[in-house]
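The data block below is coords02.tsv; it holds TSV, C-alpha atoms and all ligand atoms.
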chain	number	residue	atom	x	y	z
E	1	MET	CA	116.19	117.40	67.64
E	2	PRO	CA	114.33	114.09	66.93
E	3	ALA	CA	110.57	114.26	66.28
E	4	PRO	CA	108.53	113.82	69.46
E	5	THR	CA	107.14	110.36	70.16
E	6	HIS	CA	103.41	110.32	69.53
E	7	ALA	CA	100.82	108.40	71.55
E	8	LYS	CA	97.06	108.04	71.22
E	9	VAL	CA	96.89	108.40	74.96
E	10	VAL	CA	99.37	109.65	77.51
E	11	ILE	CA	98.65	108.95	81.17
E	12	ILE	CA	100.31	111.18	83.75
E	13	GLY	CA	100.51	109.45	87.13
E	14	SER	CA	100.88	105.87	88.32
E	15	GLY	CA	98.76	105.39	91.41
E	16	PRO	CA	95.62	103.21	91.28
E	17	ALA	CA	93.95	105.76	88.95
E	18	GLY	CA	96.75	106.05	86.39
E	19	LEU	CA	97.58	102.34	86.28
E	20	THR	CA	93.93	101.27	86.03
E	21	ALA	CA	93.55	103.72	83.14
E	22	ALA	CA	96.66	102.11	81.61
E	23	ILE	CA	95.25	98.58	81.96
E	24	TYR	CA	92.00	99.58	80.24
E	25	ALA	CA	93.66	101.71	77.55
E	26	ALA	CA	96.20	98.99	76.78
E	27	ARG	CA	93.49	96.35	76.51
E	28	ALA	CA	91.68	98.66	74.09
E	29	ASN	CA	94.82	98.58	71.90
E	30	LEU	CA	95.63	102.23	72.51
E	31	ALA	CA	99.27	101.53	73.50
E	32	PRO	CA	99.30	104.10	76.32
E	33	ILE	CA	102.47	105.83	77.45
E	34	VAL	CA	102.46	106.29	81.21
E	35	PHE	CA	104.59	108.89	82.97
E	36	ALA	CA	104.87	107.28	86.35
E	37	GLY	CA	106.96	109.98	88.02
E	38	HIS	CA	110.33	109.32	89.58
E	39	MET	CA	108.55	107.87	92.61
E	40	TYR	CA	106.04	105.65	90.88
E	41	GLY	CA	103.00	104.04	92.46
E	42	GLY	CA	101.36	106.96	94.23
E	43	GLN	CA	100.41	107.19	97.88
E	44	LEU	CA	99.96	103.45	98.42
E	45	MET	CA	103.74	103.12	98.10
E	46	LEU	CA	103.94	105.04	101.37
E	47	THR	CA	101.44	102.96	103.25
E	48	THR	CA	101.55	99.60	104.97
E	49	GLU	CA	98.66	97.21	104.98
E	50	VAL	CA	95.64	97.99	102.79
E	51	GLU	CA	92.64	96.32	104.38
E	52	ASN	CA	89.81	97.79	102.33
E	53	TYR	CA	90.81	97.08	98.74
E	54	PRO	CA	88.26	94.48	97.57
E	55	GLY	CA	89.64	91.10	96.60
E	56	PHE	CA	92.22	90.80	99.37
E	57	ALA	CA	90.44	89.23	102.31
E	58	ASP	CA	93.59	89.23	104.45
E	59	GLY	CA	94.78	92.66	103.31
E	60	ILE	CA	97.77	93.40	101.13
E	61	MET	CA	100.79	95.67	101.54
E	62	GLY	CA	100.41	98.95	99.58
E	63	PRO	CA	103.65	98.60	97.56
E	64	GLU	CA	102.82	94.98	96.71
E	65	LEU	CA	99.41	96.03	95.41
E	66	MET	CA	100.97	98.72	93.23
E	67	GLU	CA	103.57	96.27	91.83
E	68	ALA	CA	100.65	94.09	90.78
E	69	PHE	CA	98.84	97.04	89.14
E	70	ARG	CA	102.00	97.90	87.25
E	71	ALA	CA	102.70	94.35	86.10
E	72	GLN	CA	99.11	94.07	84.88
E	73	ALA	CA	99.37	97.36	82.95
E	74	GLU	CA	102.67	96.26	81.36
E	75	ARG	CA	101.34	92.83	80.49
E	76	PHE	CA	98.92	94.43	78.03
E	77	GLY	CA	101.52	96.70	76.45
E	78	SER	CA	101.54	99.93	78.46
E	79	VAL	CA	104.90	101.66	78.23
E	80	ILE	CA	105.76	103.07	81.64
E	81	HIS	CA	108.50	105.68	82.13
E	82	ASN	CA	109.59	106.46	85.70
E	83	VAL	CA	110.04	110.15	84.97
E	84	ASP	CA	108.18	113.32	85.90
E	85	VAL	CA	106.28	115.42	83.42
E	86	THR	CA	107.59	118.97	83.70
E	87	GLU	CA	105.29	120.79	81.29
E	88	VAL	CA	102.16	120.24	79.22
E	89	ASP	CA	100.62	122.24	76.40
E	90	PHE	CA	96.92	121.58	75.93
E	91	ARG	CA	96.44	124.71	73.76
E	92	ALA	CA	97.56	123.07	70.52
E	93	ARG	CA	96.71	119.68	69.02
E	94	PRO	CA	98.12	117.12	69.31
E	95	PHE	CA	98.81	117.97	72.94
E	96	ALA	CA	102.44	118.32	74.02
E	97	VAL	CA	103.80	116.56	77.11
E	98	ARG	CA	107.37	117.33	78.12
E	99	THR	CA	109.81	115.74	80.53
E	100	ALA	CA	113.25	117.11	81.43
E	101	GLU	CA	114.75	115.15	78.51
E	102	ASP	CA	112.06	114.53	75.89
E	103	GLU	CA	108.92	115.79	74.24
E	104	TYR	CA	105.88	113.64	73.45
E	105	THR	CA	102.66	114.41	71.61
E	106	ALA	CA	99.30	112.90	72.40
E	107	ASP	CA	95.77	112.80	70.99
E	108	THR	CA	94.39	112.46	74.50
E	109	VAL	CA	95.77	112.81	78.03
E	110	ILE	CA	94.57	111.32	81.29
E	111	VAL	CA	95.70	113.36	84.28
E	112	ALA	CA	96.08	111.12	87.34
E	113	THR	CA	98.77	112.97	89.30
E	114	GLY	CA	97.17	112.42	92.70
E	115	ALA	CA	97.94	114.44	95.77
E	116	SER	CA	100.88	115.06	98.10
E	117	ALA	CA	101.13	115.26	101.86
E	118	ARG	CA	100.44	118.64	103.40
E	119	TRP	CA	102.91	120.33	105.76
E	120	LEU	CA	102.13	122.54	108.74
E	121	ASN	CA	104.42	125.38	107.61
E	122	ILE	CA	105.64	126.13	111.12
E	123	PRO	CA	109.12	127.22	112.29
E	124	GLY	CA	111.60	124.34	112.54
E	125	GLU	CA	109.57	122.02	110.30
E	126	ALA	CA	111.59	122.43	107.09
E	127	ARG	CA	114.94	122.67	108.92
E	128	LEU	CA	114.36	119.41	110.82
E	129	ARG	CA	112.73	117.50	107.94
E	130	GLY	CA	114.39	114.08	107.84
E	131	ARG	CA	115.80	114.70	111.32
E	132	GLY	CA	112.66	114.09	113.32
E	133	VAL	CA	110.03	115.66	111.06
E	134	SER	CA	108.33	113.44	108.48
E	135	THR	CA	105.08	112.88	106.58
E	136	CYS	CA	105.70	109.17	106.07
E	137	ALA	CA	105.64	106.70	108.95
E	138	THR	CA	106.39	103.72	106.72
E	139	CYS	CA	109.48	105.50	105.39
E	140	ASP	CA	110.86	106.91	108.64
E	141	GLY	CA	109.18	105.16	111.57
E	142	ALA	CA	111.98	102.65	112.11
E	143	PHE	CA	114.39	105.48	112.97
E	144	PHE	CA	112.51	106.12	116.19
E	145	ARG	CA	112.72	102.84	118.08
E	146	GLU	CA	111.90	103.28	121.77
E	147	LYS	CA	111.40	107.03	121.24
E	148	HIS	CA	108.47	109.31	121.97
E	149	ILE	CA	106.69	110.00	118.69
E	150	VAL	CA	104.04	112.63	118.02
E	151	VAL	CA	101.50	112.42	115.21
E	152	VAL	CA	99.50	115.49	114.27
E	153	GLY	CA	96.07	115.18	112.66
E	154	GLY	CA	92.67	113.64	113.38
E	155	GLY	CA	91.80	111.77	110.17
E	156	ASP	CA	92.28	108.20	108.99
E	157	SER	CA	95.85	108.95	107.87
E	158	ALA	CA	96.80	110.18	111.34
E	159	MET	CA	95.27	107.10	113.01
E	160	GLU	CA	96.97	104.79	110.54
E	161	GLU	CA	100.32	106.49	111.09
E	162	ALA	CA	99.92	106.42	114.88
E	163	LEU	CA	98.99	102.72	114.91
E	164	PHE	CA	101.90	101.84	112.64
E	165	LEU	CA	104.33	103.87	114.75
E	166	THR	CA	103.42	101.89	117.89
E	167	ARG	CA	105.62	99.14	116.39
E	168	PHE	CA	108.64	101.34	117.00
E	169	GLY	CA	107.94	104.07	119.51
E	170	ARG	CA	107.95	103.74	123.26
E	171	LYS	CA	104.90	106.01	123.22
E	172	VAL	CA	102.88	107.71	120.50
E	173	THR	CA	100.95	110.91	121.16
E	174	VAL	CA	98.33	112.16	118.71
E	175	ILE	CA	97.86	115.93	118.80
E	176	HIS	CA	94.64	117.16	117.22
E	177	ARG	CA	93.32	120.69	116.82
E	178	ARG	CA	89.74	119.78	117.76
E	179	ASP	CA	88.11	117.64	120.47
E	180	SER	CA	86.90	114.87	118.18
E	181	LEU	CA	88.38	112.78	115.41
E	182	ARG	CA	87.48	112.92	111.74
E	183	ALA	CA	88.75	109.35	111.23
E	184	SER	CA	86.40	106.44	110.47
E	185	LYS	CA	85.03	104.72	113.55
E	186	ILE	CA	87.05	101.53	113.10
E	187	MET	CA	90.36	103.40	112.82
E	188	ALA	CA	89.50	105.86	115.60
E	189	ASP	CA	88.52	103.04	117.98
E	190	ARG	CA	91.70	101.14	117.28
E	191	ALA	CA	93.83	104.19	118.08
E	192	LEU	CA	91.79	105.33	121.07
E	193	ASN	CA	91.99	101.86	122.62
E	194	HIS	CA	95.68	101.29	121.95
E	195	GLU	CA	97.74	101.17	125.13
E	196	LYS	CA	100.73	102.96	123.59
E	197	ILE	CA	98.73	105.83	122.07
E	198	GLY	CA	97.76	108.96	123.99
E	199	PHE	CA	95.80	112.00	122.76
E	200	ILE	CA	96.13	115.73	123.26
E	201	TRP	CA	93.00	117.59	122.11
E	202	ASN	CA	92.29	121.16	121.01
E	203	THR	CA	95.95	121.81	120.47
E	204	ALA	CA	98.10	123.15	117.63
E	205	VAL	CA	101.77	122.38	117.09
E	206	GLU	CA	103.38	125.77	116.55
E	207	GLU	CA	107.11	125.03	116.35
E	208	VAL	CA	109.54	122.13	116.14
E	209	ILE	CA	112.44	122.66	118.50
E	210	GLY	CA	115.89	121.07	118.21
E	211	ASP	CA	119.41	121.75	116.99
E	212	ASP	CA	120.46	118.67	115.03
E	213	ASN	CA	117.32	116.62	115.69
E	214	ALA	CA	113.83	117.39	116.90
E	215	THR	CA	113.73	117.32	120.70
E	216	ALA	CA	110.52	119.15	121.58
E	217	LEU	CA	107.43	120.89	120.22
E	218	ARG	CA	105.91	124.20	121.13
E	219	LEU	CA	102.19	123.65	121.60
E	220	LYS	CA	99.27	126.01	121.91
E	221	ASN	CA	96.01	125.08	123.58
E	222	LEU	CA	93.36	126.44	121.23
E	223	VAL	CA	90.72	126.74	123.96
E	224	ASN	CA	92.60	128.80	126.56
E	225	GLY	CA	95.56	130.02	124.45
E	226	GLU	CA	98.11	128.54	126.84
E	227	GLU	CA	101.50	127.69	125.35
E	228	SER	CA	103.75	124.84	126.47
E	229	THR	CA	106.83	122.88	125.49
E	230	PHE	CA	106.34	119.17	124.93
E	231	ALA	CA	109.31	116.80	124.73
E	232	ALA	CA	109.21	114.60	121.60
E	233	ASP	CA	111.78	112.89	119.39
E	234	ALA	CA	109.74	112.88	116.22
E	235	LEU	CA	106.80	114.64	114.59
E	236	PHE	CA	104.81	112.83	111.91
E	237	ILE	CA	102.47	115.16	110.08
E	238	ALA	CA	99.28	113.52	108.77
E	239	ILE	CA	96.93	116.42	108.05
E	240	GLY	CA	95.73	115.56	104.58
E	241	HIS	CA	96.95	116.17	101.06
E	242	ASP	CA	97.02	118.77	98.32
E	243	PRO	CA	96.37	117.89	94.67
E	244	ASN	CA	99.38	117.81	92.36
E	245	THR	CA	98.19	120.29	89.76
E	246	GLY	CA	101.03	122.83	89.52
E	247	ILE	CA	101.84	122.03	85.88
E	248	PHE	CA	98.18	122.33	84.81
E	249	LYS	CA	97.56	125.83	86.19
E	250	ASP	CA	96.35	128.21	83.47
E	251	GLN	CA	95.41	125.25	81.25
E	252	LEU	CA	92.83	123.22	83.15
E	253	ASP	CA	90.05	124.61	85.31
E	254	LEU	CA	90.97	124.16	88.98
E	255	ASP	CA	88.87	124.86	92.07
E	256	ALA	CA	89.99	127.13	94.91
E	257	ALA	CA	91.90	124.27	96.60
E	258	GLY	CA	93.68	123.36	93.35
E	259	TYR	CA	91.65	120.25	92.45
E	260	ILE	CA	90.88	119.72	88.76
E	261	VAL	CA	87.28	120.54	87.93
E	262	SER	CA	85.48	117.98	85.77
E	263	ASP	CA	82.03	117.69	84.24
E	264	ASP	CA	79.76	115.18	85.97
E	265	GLY	CA	82.19	112.47	84.82
E	266	VAL	CA	85.92	112.50	84.06
E	267	ARG	CA	86.11	115.16	81.32
E	268	THR	CA	88.02	118.38	82.01
E	269	ASN	CA	87.37	121.76	80.36
E	270	ILE	CA	89.70	120.75	77.49
E	271	GLU	CA	88.22	118.27	75.05
E	272	GLY	CA	90.50	115.24	74.94
E	273	VAL	CA	91.95	115.77	78.44
E	274	PHE	CA	90.48	113.49	81.07
E	275	VAL	CA	91.05	113.20	84.81
E	276	ALA	CA	91.12	110.37	87.36
E	277	GLY	CA	91.89	109.77	91.02
E	278	ASP	CA	92.71	112.04	93.95
E	279	VAL	CA	93.69	114.96	91.74
E	280	PHE	CA	89.98	115.71	91.23
E	281	ASP	CA	88.33	113.69	94.00
E	282	ILE	CA	87.47	116.05	96.82
E	283	ARG	CA	85.28	113.54	98.57
E	284	TYR	CA	86.24	109.86	98.59
E	285	LYS	CA	90.02	109.64	97.98
E	286	GLN	CA	90.15	105.86	98.22
E	287	ALA	CA	92.33	103.50	96.17
E	288	ILE	CA	89.20	101.78	94.88
E	289	THR	CA	87.48	105.03	93.83
E	290	ALA	CA	90.70	106.18	92.16
E	291	ALA	CA	90.90	102.90	90.25
E	292	GLY	CA	87.22	103.27	89.29
E	293	SER	CA	87.73	106.73	87.85
E	294	GLY	CA	90.86	105.52	86.00
E	295	CYS	CA	88.69	102.90	84.32
E	296	ARG	CA	86.09	105.52	83.40
E	297	ALA	CA	88.73	107.87	81.99
E	298	ALA	CA	90.24	105.16	79.77
E	299	MET	CA	86.79	104.09	78.51
E	300	ASP	CA	85.89	107.71	77.74
E	301	VAL	CA	89.21	108.16	75.92
E	302	GLU	CA	88.39	105.13	73.79
E	303	LYS	CA	84.92	106.52	72.93
E	304	TYR	CA	86.36	109.96	72.22
E	305	LEU	CA	89.01	108.61	69.84
E	306	GLU	CA	86.47	106.36	68.12
E	307	ALA	CA	84.07	109.28	67.58
E	308	ARG	CA	86.89	111.43	66.21
E	309	GLU	CA	87.97	108.73	63.77
E	310	THR	CA	84.42	108.17	62.56
E	311	HIS	CA	84.02	111.93	62.12
E	312	HIS	CA	87.27	112.18	60.11
E	313	LYS	CA	86.21	109.30	57.88
E	314	ALA	CA	82.76	110.84	57.35
E	315	VAL	CA	84.15	114.27	56.46
E	316	PRO	CA	86.58	113.91	53.54
E	317	ALA	CA	89.34	116.50	53.49
O	401	LIG	P1	91.53	114.19	106.27
O	401	LIG	O1	90.45	113.18	106.43
O	401	LIG	O2	91.29	115.44	105.48
O	401	LIG	O3	92.02	114.58	107.72
O	401	LIG	C1	92.97	115.58	107.92
O	401	LIG	C2	93.10	115.82	109.42
O	401	LIG	O4	94.15	116.76	109.63
O	401	LIG	C3	91.82	116.40	110.03
O	401	LIG	O5	91.62	115.84	111.29
O	401	LIG	C4	92.14	117.90	110.10
O	401	LIG	O6	91.55	118.53	111.19
O	401	LIG	C5	93.64	117.89	110.32
O	401	LIG	N1	94.27	119.10	109.77
O	401	LIG	C6	94.17	119.60	108.50
O	401	LIG	N2	94.94	120.68	108.35
O	401	LIG	C7	95.52	120.89	109.55
O	401	LIG	C8	96.43	121.87	110.03
O	401	LIG	N3	96.90	122.84	109.26
O	401	LIG	N4	96.83	121.77	111.31
O	401	LIG	C9	96.38	120.77	112.11
O	401	LIG	N5	95.53	119.81	111.72
O	401	LIG	C10	95.10	119.87	110.45
O	401	LIG	O7	92.84	113.56	105.59
O	401	LIG	P2	93.42	112.06	105.69
O	401	LIG	O8	93.43	111.57	107.06
O	401	LIG	O9	94.69	112.12	104.93
O	401	LIG	O10	92.39	111.19	104.86
O	401	LIG	C11	92.04	111.56	103.51
O	401	LIG	C12	91.10	110.51	102.92
O	401	LIG	O11	91.77	109.26	102.78
O	401	LIG	C13	89.87	110.24	103.79
O	401	LIG	O12	88.79	110.04	102.93
O	401	LIG	C14	90.22	108.98	104.52
O	401	LIG	O13	89.09	108.21	104.87
O	401	LIG	C15	91.08	108.26	103.47
O	401	LIG	N6	92.04	107.35	104.15
O	401	LIG	C16	91.57	106.12	104.51
O	401	LIG	C17	92.40	105.23	105.18
O	401	LIG	C18	91.86	103.91	105.60
O	401	LIG	O14	90.71	103.63	105.35
O	401	LIG	N7	92.66	103.07	106.24
O	401	LIG	C19	93.71	105.60	105.50
O	401	LIG	C20	94.15	106.87	105.14
O	401	LIG	C21	93.29	107.74	104.46
O	401	LIG	P3	89.95	118.75	111.27
O	401	LIG	O15	89.40	117.41	111.66
O	401	LIG	O16	89.80	119.78	112.32
O	401	LIG	O17	89.54	119.20	109.90
Show the structure stored in the file as structure tokens.
Amino acid sequence: MPAPTHAKVVIIGSGPAGLTAAIYAARANLAPIVFAGHMYGGQLMLTTEVENYPGFADGIMGPELMEAFRAQAERFGSVIHNVDVTEVDFRARPFAVRTAEDEYTADTVIVATGASARWLNIPGEARLRGRGVSTCATCDGAFFREKHIVVVGGGDSAMEEALFLTRFGRKVTVIHRRDSLRASKIMADRALNHEKIGFIWNTAVEEVIGDDNATALRLKNLVNGEESTFAADALFIAIGHDPNTGIFKDQLDLDAAGYIVSDDGVRTNIEGVFVAGDVFDIRYKQAITAAGSGCRAAMDVEKYLEARETHHKAVPA
């Protein structure tokens, strides 16, 4: 077996956090290797127009923004592989980072694996996934032209999905488990005032019904317990995200929800392993905050490597 490729810094993840870290690390001459995952670009690849990323007064499409991040990271010498990391070993040094095919070693690692859409875990959901059940309006919305589409959730994601789906659906119904929205005022107002969007409050979706395709939902009113069947051709689930930390269990400190725990900055419990973006951000979860923490992680990596080199020079073997 050939010797593993060694890098001063390996970055796992390629959303705004990972690619900003790559831009900064590459410009610091650290020649980062980025594992972008087989679906590179993170959550912005699944979104439409980004209106709140500074610098784009007229907005920019999410995938276009991520192409630009990537091109900028590559311009300064980042090597980006569109593969998933399957295993890491932070117990030995240099750290080991493995993919299905290869092994790499690294002096430092920046974990920027982000988060993935949450599912409801109700009967019919998995069986009808891709046949009426989806977590991505930009991916699947166009399949439901002139249909009745349901969106579940009350946050910004749900409002964004519902607004986007009005381009296709005859009608869009948002079903939310409480009687008020968590979404920001601007997004909530847009959805509440949209002529094609209706709301059902205090209600849980308990089952997706349909043989080959979703045809109806079983609903439960959470105030009076009443159950009903609601005709719908599609269910888009937009109830938040879970951090992608499966491969770091037992190696990095995680909180009860699975987010990576850091010090007051971007250092994890393992010296030399840093974190950036939604995988540790329980509060803001914005593209701009992810990019900001990616920058911090790369700058801390640079300082850490510098200090280590100085120490090695000062202490002769
Ligand atoms: P979120 O803010 O956590 O909202 C999740 C929504 O889903 C909440 O309304 C929650 O209900 C509901 N929910 C959670 N679990 C549920 C379950 N099992 N069954 C039914 N409903 C459930 O998540 P998000 O909307 O994905 O947004 C995450 C972050 O990204 C936020 O900071 C948001 O501002 C940001 N974001 C911003 C934009 C934008 O600015 N355009 C777009 C997308 C996301 P409760 O309200 O009862 O908790």
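With only C-alpha atoms as the atoms that count, the residue of E:Glu87, E:Asp255, E:Glu227, E:Asp140 with the shortest distance to Thr268 (chain E) is E:Asp255.
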So which residues are close to (84.2, 117.1, 87.9), meaning at most 12 Å away in the file's coordinates with only C-alpha atoms counted, and can you show them as an MDAnalysis selection string?
chainID E and resid 252:255 259:269 274:283 293 297
List as a tab-separated table every residue of region 83-168 of chain E that is in contact with region 51-68 of chain E, defined as an atom at most 12 Å from one of its atoms (using all atoms listed in the file), together with the nearest atom pair and the distance in Å rounded to one decimal, sorted by chain and then rising number.
residue	atom	partner	partner_atom	distance
E:Thr138	CA	E:Gly62	CA	10.5
E:Cys139	CA	E:Pro63	CA	12.0
E:Glu160	CA	E:Glu51	CA	11.3
Contacts of ligand LIG 401 (chain O), 9 Å or closer, only C-alpha atoms and all ligand atoms, given as a PDB file with C-alpha atoms, keeping the file's coordinate frame:
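Result written to part.pdb:
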ATOM      1  CA  THR E  47     101.440 102.960 103.250  1.00  0.00           C
ATOM      2  CA  GLU E  49      98.660  97.210 104.980  1.00  0.00           C
ATOM      3  CA  VAL E  50      95.640  97.990 102.790  1.00  0.00           C
ATOM      4  CA  GLU E  51      92.640  96.320 104.380  1.00  0.00           C
ATOM      5  CA  ASN E  52      89.810  97.790 102.330  1.00  0.00           C
ATOM      6  CA  ALA E 117     101.130 115.260 101.860  1.00  0.00           C
ATOM      7  CA  ARG E 118     100.440 118.640 103.400  1.00  0.00           C
ATOM      8  CA  TRP E 119     102.910 120.330 105.760  1.00  0.00           C
ATOM      9  CA  LEU E 120     102.130 122.540 108.740  1.00  0.00           C
ATOM     10  CA  ASN E 121     104.420 125.380 107.610  1.00  0.00           C
ATOM     11  CA  VAL E 152      99.500 115.490 114.270  1.00  0.00           C
ATOM     12  CA  GLY E 153      96.070 115.180 112.660  1.00  0.00           C
ATOM     13  CA  GLY E 154      92.670 113.640 113.380  1.00  0.00           C
ATOM     14  CA  GLY E 155      91.800 111.770 110.170  1.00  0.00           C
ATOM     15  CA  ASP E 156      92.280 108.200 108.990  1.00  0.00           C
ATOM     16  CA  SER E 157      95.850 108.950 107.870  1.00  0.00           C
ATOM     17  CA  ALA E 158      96.800 110.180 111.340  1.00  0.00           C
ATOM     18  CA  MET E 159      95.270 107.100 113.010  1.00  0.00           C
ATOM     19  CA  GLU E 160      96.970 104.790 110.540  1.00  0.00           C
ATOM     20  CA  GLU E 161     100.320 106.490 111.090  1.00  0.00           C
ATOM     21  CA  ILE E 175      97.860 115.930 118.800  1.00  0.00           C
ATOM     22  CA  HIS E 176      94.640 117.160 117.220  1.00  0.00           C
ATOM     23  CA  ARG E 177      93.320 120.690 116.820  1.00  0.00           C
ATOM     24  CA  ARG E 178      89.740 119.780 117.760  1.00  0.00           C
ATOM     25  CA  ASP E 179      88.110 117.640 120.470  1.00  0.00           C
ATOM     26  CA  SER E 180      86.900 114.870 118.180  1.00  0.00           C
ATOM     27  CA  LEU E 181      88.380 112.780 115.410  1.00  0.00           C
ATOM     28  CA  ARG E 182      87.480 112.920 111.740  1.00  0.00           C
ATOM     29  CA  ALA E 183      88.750 109.350 111.230  1.00  0.00           C
ATOM     30  CA  SER E 184      86.400 106.440 110.470  1.00  0.00           C
ATOM     31  CA  ILE E 186      87.050 101.530 113.100  1.00  0.00           C
ATOM     32  CA  MET E 187      90.360 103.400 112.820  1.00  0.00           C
ATOM     33  CA  THR E 203      95.950 121.810 120.470  1.00  0.00           C
ATOM     34  CA  ALA E 204      98.100 123.150 117.630  1.00  0.00           C
ATOM     35  CA  VAL E 205     101.770 122.380 117.090  1.00  0.00           C
ATOM     36  CA  ILE E 237     102.470 115.160 110.080  1.00  0.00           C
ATOM     37  CA  ALA E 238      99.280 113.520 108.770  1.00  0.00           C
ATOM     38  CA  ILE E 239      96.930 116.420 108.050  1.00  0.00           C
ATOM     39  CA  GLY E 240      95.730 115.560 104.580  1.00  0.00           C
ATOM     40  CA  HIS E 241      96.950 116.170 101.060  1.00  0.00           C
ATOM     41  CA  ILE E 282      87.470 116.050  96.820  1.00  0.00           C
ATOM     42  CA  ARG E 283      85.280 113.540  98.570  1.00  0.00           C
ATOM     43  CA  TYR E 284      86.240 109.860  98.590  1.00  0.00           C
ATOM     44  CA  LYS E 285      90.020 109.640  97.980  1.00  0.00           C
ATOM     45  CA  GLN E 286      90.150 105.860  98.220  1.00  0.00           C
ATOM     46  CA  ALA E 287      92.330 103.500  96.170  1.00  0.00           C
TER      47      ALA E 287
END
Box in all listed atoms of region 137-152 of chain E, axis-aligned, with 3 Å more on each side; write out centre and edge lengths in Å to one decimal as AutoDock Vina command-line options.
--center_x 106.9 --center_y 109.1 --center_z 113.7 --size_x 20.9 --size_y 18.8 --size_z 22.6
Report as a PyMOL selection string all protein, DNA and RNA residues lying within 8 Å of region 91-96 of chain E, evaluated on all atoms listed in the file, omitting residues in the same chain fewer than 4 positions from it.
chain E and resi 103-109+251
Point out the residue among E:Ala31, E:Ala115, E:Val273, E:Ala126 with the least atom-to-atom distance to Val301 (chain E), counting all atoms listed in the file.
E:Val273
Have a look at CA of Thr113 (chain E) and CA of Arg127 (chain E) and let me know their distance in Å, one decimal.
27.2 Å
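Distance annotation: of E:Asp89, E:Glu207, E:His148, E:Gly292, the residue with the minimal separation from Ala21 (chain E) is E:Gly292; atom set is all atoms listed in the file.
A straight line drawn from CA of Asp212 (chain E) to CA of Gly141 (chain E) is 17.9 Å long.
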Regenerate region 92-96 of chain E at the level of all heavy atoms and dump it as a tab-separated table (two decimals), in the frame of the given file.
chain	number	residue	atom	x	y	z
E	92	ALA	N	97.46	123.49	71.92
E	92	ALA	CA	97.56	123.07	70.52
E	92	ALA	C	97.25	121.58	70.43
E	92	ALA	O	97.29	120.87	71.44
E	92	ALA	CB	98.97	123.34	70.03
E	93	ARG	N	96.93	121.11	69.22
E	93	ARG	CA	96.71	119.68	69.02
E	93	ARG	C	97.65	119.16	67.96
E	93	ARG	O	97.86	119.86	66.97
E	93	ARG	CB	95.25	119.43	68.59
E	93	ARG	CG	94.36	119.49	69.79
E	93	ARG	CD	92.91	119.57	69.42
E	93	ARG	NE	92.18	120.19	70.50
E	93	ARG	CZ	91.61	119.51	71.50
E	93	ARG	NH1	91.66	118.21	71.54
E	93	ARG	NH2	90.97	120.14	72.45
E	94	PRO	N	98.25	117.95	68.10
E	94	PRO	CA	98.12	117.12	69.31
E	94	PRO	C	98.71	117.83	70.52
E	94	PRO	O	99.52	118.74	70.39
E	94	PRO	CB	98.93	115.87	68.94
E	94	PRO	CG	99.90	116.32	67.90
E	94	PRO	CD	99.22	117.40	67.14
E	95	PHE	N	98.29	117.38	71.70
E	95	PHE	CA	98.81	117.97	72.94
E	95	PHE	C	100.30	117.68	73.07
E	95	PHE	O	100.78	116.65	72.57
E	95	PHE	CB	98.09	117.37	74.15
E	95	PHE	CG	96.60	117.53	74.11
E	95	PHE	CD1	95.76	116.43	74.29
E	95	PHE	CD2	96.01	118.78	73.91
E	95	PHE	CE1	94.38	116.57	74.27
E	95	PHE	CE2	94.64	118.93	73.89
E	95	PHE	CZ	93.82	117.83	74.07
E	96	ALA	N	101.01	118.57	73.75
E	96	ALA	CA	102.44	118.32	74.02
E	96	ALA	C	102.62	117.97	75.49
E	96	ALA	O	101.98	118.58	76.36
E	96	ALA	CB	103.25	119.55	73.67
